[in-house]
>>> print(open('my_file.cif').read())   # mmCIF, C-alpha atoms
data_input
loop_
_atom_site.label_atom_id
_atom_site.label_comp_id
_atom_site.auth_asym_id
_atom_site.auth_seq_id
_atom_site.Cartn_x
_atom_site.Cartn_y
_atom_site.Cartn_z
CA MET A 1 -19.80 -7.62 -42.40
CA GLU A 2 -19.25 -9.45 -45.67
CA THR A 3 -20.50 -8.49 -49.07
CA GLU A 4 -20.92 -10.93 -51.90
CA LEU A 5 -21.23 -9.70 -55.45
CA VAL A 6 -23.23 -11.97 -57.75
CA TYR A 7 -23.67 -11.57 -61.50
CA ILE A 8 -26.91 -12.91 -62.91
CA SER A 9 -27.21 -13.80 -66.59
CA LYS A 10 -30.28 -13.03 -68.67
CA ASP A 11 -31.62 -16.54 -68.07
CA GLY A 12 -31.09 -16.36 -64.29
CA ARG A 13 -27.84 -18.33 -63.92
CA LYS A 14 -25.57 -16.89 -61.20
CA PHE A 15 -21.84 -16.20 -61.54
CA ASP A 16 -19.20 -14.78 -59.23
CA ASP A 17 -17.03 -13.67 -62.18
CA PRO A 18 -18.38 -10.95 -64.50
CA PHE A 19 -16.33 -12.20 -67.46
CA LYS A 20 -17.69 -15.74 -67.17
CA CYS A 21 -21.20 -14.34 -66.96
CA GLU A 22 -20.60 -12.22 -70.06
CA GLU A 23 -19.13 -15.15 -72.00
CA TYR A 24 -22.07 -17.37 -71.02
CA GLU A 25 -24.58 -14.73 -72.13
CA ARG A 26 -22.97 -14.47 -75.57
CA PHE A 27 -24.01 -18.08 -76.23
CA LEU A 28 -27.61 -17.58 -75.08
CA GLY A 29 -29.95 -17.72 -78.03
CA LYS A 30 -27.22 -19.03 -80.31
CA GLU A 31 -28.46 -22.37 -81.57
CA PRO A 32 -25.78 -25.02 -82.19
CA GLY A 33 -25.35 -25.73 -85.89
CA LYS A 34 -26.06 -22.13 -86.85
CA VAL A 35 -23.83 -19.24 -87.92
CA GLY A 36 -24.41 -17.29 -84.68
CA HIS A 37 -23.16 -20.16 -82.57
CA ALA A 38 -20.18 -20.72 -84.88
CA LYS A 39 -19.10 -17.07 -84.61
CA GLU A 40 -19.11 -17.19 -80.83
CA ALA A 41 -17.38 -20.57 -80.66
CA LEU A 42 -14.62 -19.46 -83.03
CA ARG A 43 -14.13 -16.11 -81.26
CA SER A 44 -13.60 -17.99 -78.00
CA ILE A 45 -10.64 -19.83 -79.58
CA GLY A 46 -8.79 -16.58 -80.22
CA MET A 47 -8.97 -14.41 -83.32
CA GLY A 48 -5.23 -14.65 -84.05
CA GLN A 49 -5.02 -18.44 -84.17
CA TYR A 50 -4.04 -19.96 -87.52
CA LEU A 51 -6.43 -22.35 -89.27
CA ASN A 52 -6.59 -25.28 -91.65
CA GLY A 53 -9.90 -26.82 -92.63
CA TYR A 54 -13.27 -25.92 -94.09
CA LEU A 55 -16.40 -23.97 -93.23
CA ALA A 56 -19.74 -24.05 -95.06
CA VAL A 57 -22.95 -22.04 -94.73
CA HIS A 58 -26.37 -22.76 -96.21
CA HIS A 59 -27.92 -19.37 -97.06
CA ASP A 60 -30.93 -18.62 -99.28
CA GLY A 61 -30.95 -22.11 -100.77
CA GLN A 62 -27.24 -22.11 -101.65
CA ASN A 63 -24.15 -23.58 -99.98
CA TYR A 64 -21.12 -21.36 -99.54
CA TRP A 65 -17.85 -23.23 -98.89
CA ARG A 66 -14.52 -21.80 -97.84
CA HIS A 67 -11.30 -23.72 -97.25
CA PHE A 68 -8.80 -22.21 -94.83
CA ILE A 69 -5.15 -23.05 -95.45
CA THR A 70 -2.04 -22.02 -93.56
CA THR A 71 1.13 -23.28 -95.21
CA CYS A 72 4.67 -22.25 -96.11
CA LEU A 73 5.05 -21.55 -99.84
CA ASP A 74 8.86 -21.92 -100.00
CA GLU A 75 8.85 -25.21 -101.91
CA TYR A 76 6.47 -23.75 -104.51
CA LEU A 77 8.43 -20.51 -104.93
CA GLU A 78 12.04 -21.71 -104.74
CA ASN A 79 12.25 -22.47 -108.49
CA TYR A 80 11.27 -18.89 -109.30
CA VAL A 81 12.80 -16.68 -106.60
CA ASN A 82 15.30 -16.82 -103.77
CA VAL A 83 12.88 -17.40 -100.91
CA ASN A 84 15.45 -16.22 -98.35
CA GLU A 85 15.20 -12.73 -99.84
CA LEU A 86 11.42 -12.58 -99.46
CA LEU A 87 9.67 -10.98 -96.52
CA GLU A 88 8.31 -13.62 -94.15
CA GLU A 89 4.70 -12.65 -95.00
CA LYS A 90 5.33 -13.36 -98.69
CA ARG A 91 6.51 -16.88 -97.88
CA TRP A 92 3.27 -17.97 -96.23
CA MET A 93 -0.37 -18.48 -97.12
CA THR A 94 -2.24 -17.90 -93.89
CA ALA A 95 -5.77 -18.14 -92.61
CA THR A 96 -6.86 -17.13 -89.12
CA VAL A 97 -9.92 -17.37 -86.93
CA ALA A 98 -10.51 -13.69 -87.75
CA ASP A 99 -10.81 -14.64 -91.44
CA ALA A 100 -13.41 -17.30 -90.62
CA VAL A 101 -15.42 -14.92 -88.44
CA ARG A 102 -15.31 -12.27 -91.20
CA MET A 103 -16.76 -14.82 -93.61
CA LEU A 104 -19.52 -15.71 -91.15
CA GLU A 105 -20.40 -12.02 -90.68
CA GLU A 106 -21.71 -12.04 -94.28
CA PHE A 107 -24.53 -14.42 -93.30
CA ASP A 108 -27.52 -14.45 -90.97
CA ASP A 109 -27.00 -15.87 -87.47
CA SER A 110 -29.86 -18.29 -88.16
CA ASP A 111 -28.25 -19.83 -91.29
CA GLU A 112 -27.19 -23.48 -91.11
CA CYS A 113 -23.42 -23.90 -90.71
CA ILE A 114 -20.81 -26.65 -90.50
CA TYR A 115 -17.04 -26.59 -90.08
CA LEU A 116 -14.03 -28.74 -89.30
CA LEU A 117 -10.93 -26.74 -88.42
CA THR A 118 -7.54 -27.29 -86.84
CA CYS A 119 -6.07 -24.29 -85.08
CA CYS A 120 -2.69 -23.32 -83.66
CA ARG A 121 -1.01 -20.22 -82.26
CA GLN A 122 2.07 -21.02 -84.34
CA ARG A 123 1.88 -20.49 -88.08
CA ASP A 124 3.96 -23.60 -88.81
CA PHE A 125 1.63 -25.80 -86.69
CA LYS A 126 4.65 -27.28 -84.92
CA GLY A 127 3.39 -26.36 -81.48
CA PRO A 128 0.31 -27.52 -79.60
CA PHE A 129 -2.76 -27.39 -81.80
CA GLY A 130 -6.39 -28.28 -81.49
CA ALA A 131 -9.37 -29.16 -83.60
CA THR A 132 -12.89 -27.83 -83.51
CA SER A 133 -15.99 -28.79 -85.43
CA GLN A 134 -19.66 -28.07 -85.76
CA GLN A 135 -21.92 -30.57 -87.47
CA ASN A 136 -25.49 -29.95 -88.48
CA TYR A 137 -27.80 -32.52 -90.06
CA ASN A 138 -30.17 -29.76 -91.22
CA PHE A 139 -27.35 -28.41 -93.41
CA TRP A 140 -27.08 -31.75 -95.20
CA ASP A 141 -30.87 -32.25 -95.36
CA LYS A 142 -31.33 -28.86 -97.03
CA THR A 143 -28.47 -29.61 -99.41
CA GLN A 144 -30.01 -32.96 -100.36
CA LYS A 145 -33.47 -31.44 -100.89
CA LYS A 146 -31.99 -28.76 -103.14
CA LYS A 147 -30.10 -31.42 -105.10
CA GLU A 148 -33.22 -33.57 -105.49
CA SER A 149 -35.37 -30.65 -106.61
CA SER A 150 -32.82 -29.55 -109.19
CA THR A 151 -32.46 -33.06 -110.70
CA SER A 152 -36.10 -34.09 -110.75
CA HIS A 153 -38.02 -33.42 -113.91
CA GLU A 154 -41.76 -33.50 -114.28
CA VAL A 155 -42.99 -35.46 -117.26
CA THR A 156 -46.42 -34.56 -118.66
#
>>> encode(input="my_file.cif", output="C-alpha cells")
Amino acid sequence: METELVYISKDGRKFDDPFKCEEYERFLGKEPGKVGHAKEALRSIGMGQYLNGYLAVHHDGQNYWRHFITTCLDEYLENYVNVNELLEEKRWMTATVADAVRMLEEFDDSDECIYLLTCCRQRDFKGPFGATSQQNYNFWDKTQKKKESSTSHEVT
C-alpha cells in the first residue's frame, strides 16, 4: 500500500512539498505593484542580504522615498581617524532587506509601491549579486495627478 500526501493551497493548487505550498499561499491576494507583494518578494530574497537602490510608496496622497546604501566609509573617514582602529561596523554604512521590509511595514498592503534594488550576501558586493524591481504605472499616475492638482489654479 502506498500513501501520497498532498498539500492544497487556499485556491486549490496542489503541492507535494508543504514549504512550497506555504510560500505560494503567502503571495495569494498580494497584488503586484503593491506594498503587500513587495514585502513578500523581498522576504523571499533573504532578510540578511545587503541592498543598494531605492523604494517608494504612495500612501494617503503622498510619496515616501527611501534610498538604501551599503558602502565602506573608509575613504570618507581616513582624514579624521585611523580607520584600522575602528570596529568593522563603524566603517560601513549598511542597508539590508530587513530594513526595507521594516519600512514597508509602516504602510498598508494595498498602497502603491515601486523599487529597484541590487542585493548581495556580501557587504562589499564583491560576490554574486542580483537585482530586483517592482514597477507600477498606478504609482506614477497618482503622482502625476497630485502634481497637476497642486500646480493648477482656478481663475475666477
>>> closest_atom_pairs(input="my_file.cif", of="range 72-119 of chain A", to="range 32-49 of chain A", cutoff="10 Å", atoms="only C-alpha atoms", output="Markdown table")
| residue | atom | partner | partner_atom | distance |
| --- | --- | --- | --- | --- |
| A:Ala95 | CA | A:Gln49 | CA | 8.5 |
| A:Thr96 | CA | A:Gln49 | CA | 5.4 |
| A:Val97 | CA | A:Met47 | CA | 4.8 |
| A:Ala98 | CA | A:Met47 | CA | 4.7 |
| A:Asp99 | CA | A:Met47 | CA | 8.3 |
| A:Ala100 | CA | A:Leu42 | CA | 8.0 |
| A:Val101 | CA | A:Lys39 | CA | 5.7 |
| A:Arg102 | CA | A:Lys39 | CA | 9.0 |
| A:Met103 | CA | A:Lys39 | CA | 9.6 |
| A:Leu104 | CA | A:Val35 | CA | 6.4 |
| A:Glu105 | CA | A:Lys39 | CA | 8.0 |
| A:Glu106 | CA | A:Val35 | CA | 9.8 |
| A:Phe107 | CA | A:Val35 | CA | 7.3 |
| A:Asp108 | CA | A:Val35 | CA | 6.8 |
| A:Asp109 | CA | A:Gly36 | CA | 4.1 |
| A:Ser110 | CA | A:Lys34 | CA | 5.6 |
| A:Asp111 | CA | A:Lys34 | CA | 5.5 |
| A:Glu112 | CA | A:Lys34 | CA | 4.6 |
| A:Cys113 | CA | A:Lys34 | CA | 5.0 |
| A:Ile114 | CA | A:Gly33 | CA | 6.5 |
| A:Tyr115 | CA | A:Ala38 | CA | 8.4 |
| A:Leu117 | CA | A:Leu42 | CA | 9.8 |
| A:Thr118 | CA | A:Gln49 | CA | 9.6 |
| A:Cys119 | CA | A:Gln49 | CA | 6.0 |
>>> closest_residue(input="my_file.cif", among="A:Tyr7, A:Val57, A:Lys147, A:Glu78", to="Phe19 in chain A", atoms="only C-alpha atoms")
A:Tyr7
>>> atom_distance(input="my_file.cif", atom1="CA of Glu4 in chain A", atom2="CA of Cys21 in chain A")
15.4 Å
>>> atom_distance(input="my_file.cif", atom1="CA of Asp11 in chain A", atom2="CA of Tyr24 in chain A")
10.0 Å
>>> residues_near_point(input="my_file.cif", point="(-20.5, -8.7, -58.1)", cutoff="8 Å", atoms="only C-alpha atoms", output="PyMOL selection string")
chain A and resi 4-7+16-18
>>> atom_distance(input="my_file.cif", atom1="CA of Glu23 in chain A", atom2="CA of Ala56 in chain A")
24.7 Å
>>> residues_around(input="my_file.cif", residues="Arg91 in chain A", least_positions_apart="4", cutoff="9 Å", atoms="all atoms listed in the file", output="number ranges by chain")
A: 71-74, 77, 83-84, 86-87
>>> closest_residue(input="my_file.cif", among="A:Leu51, A:Met93, A:Phe68, A:Tyr137", to="Cys120 in chain A", atoms="all atoms listed in the file")
A:Leu51
>>> resolve_selection(input="my_file.cif", expression="the PyMOL selection byres ((chain A and resi 116) around 7)", output="PyMOL selection string")
chain A and resi 53-55+115+117+132-134
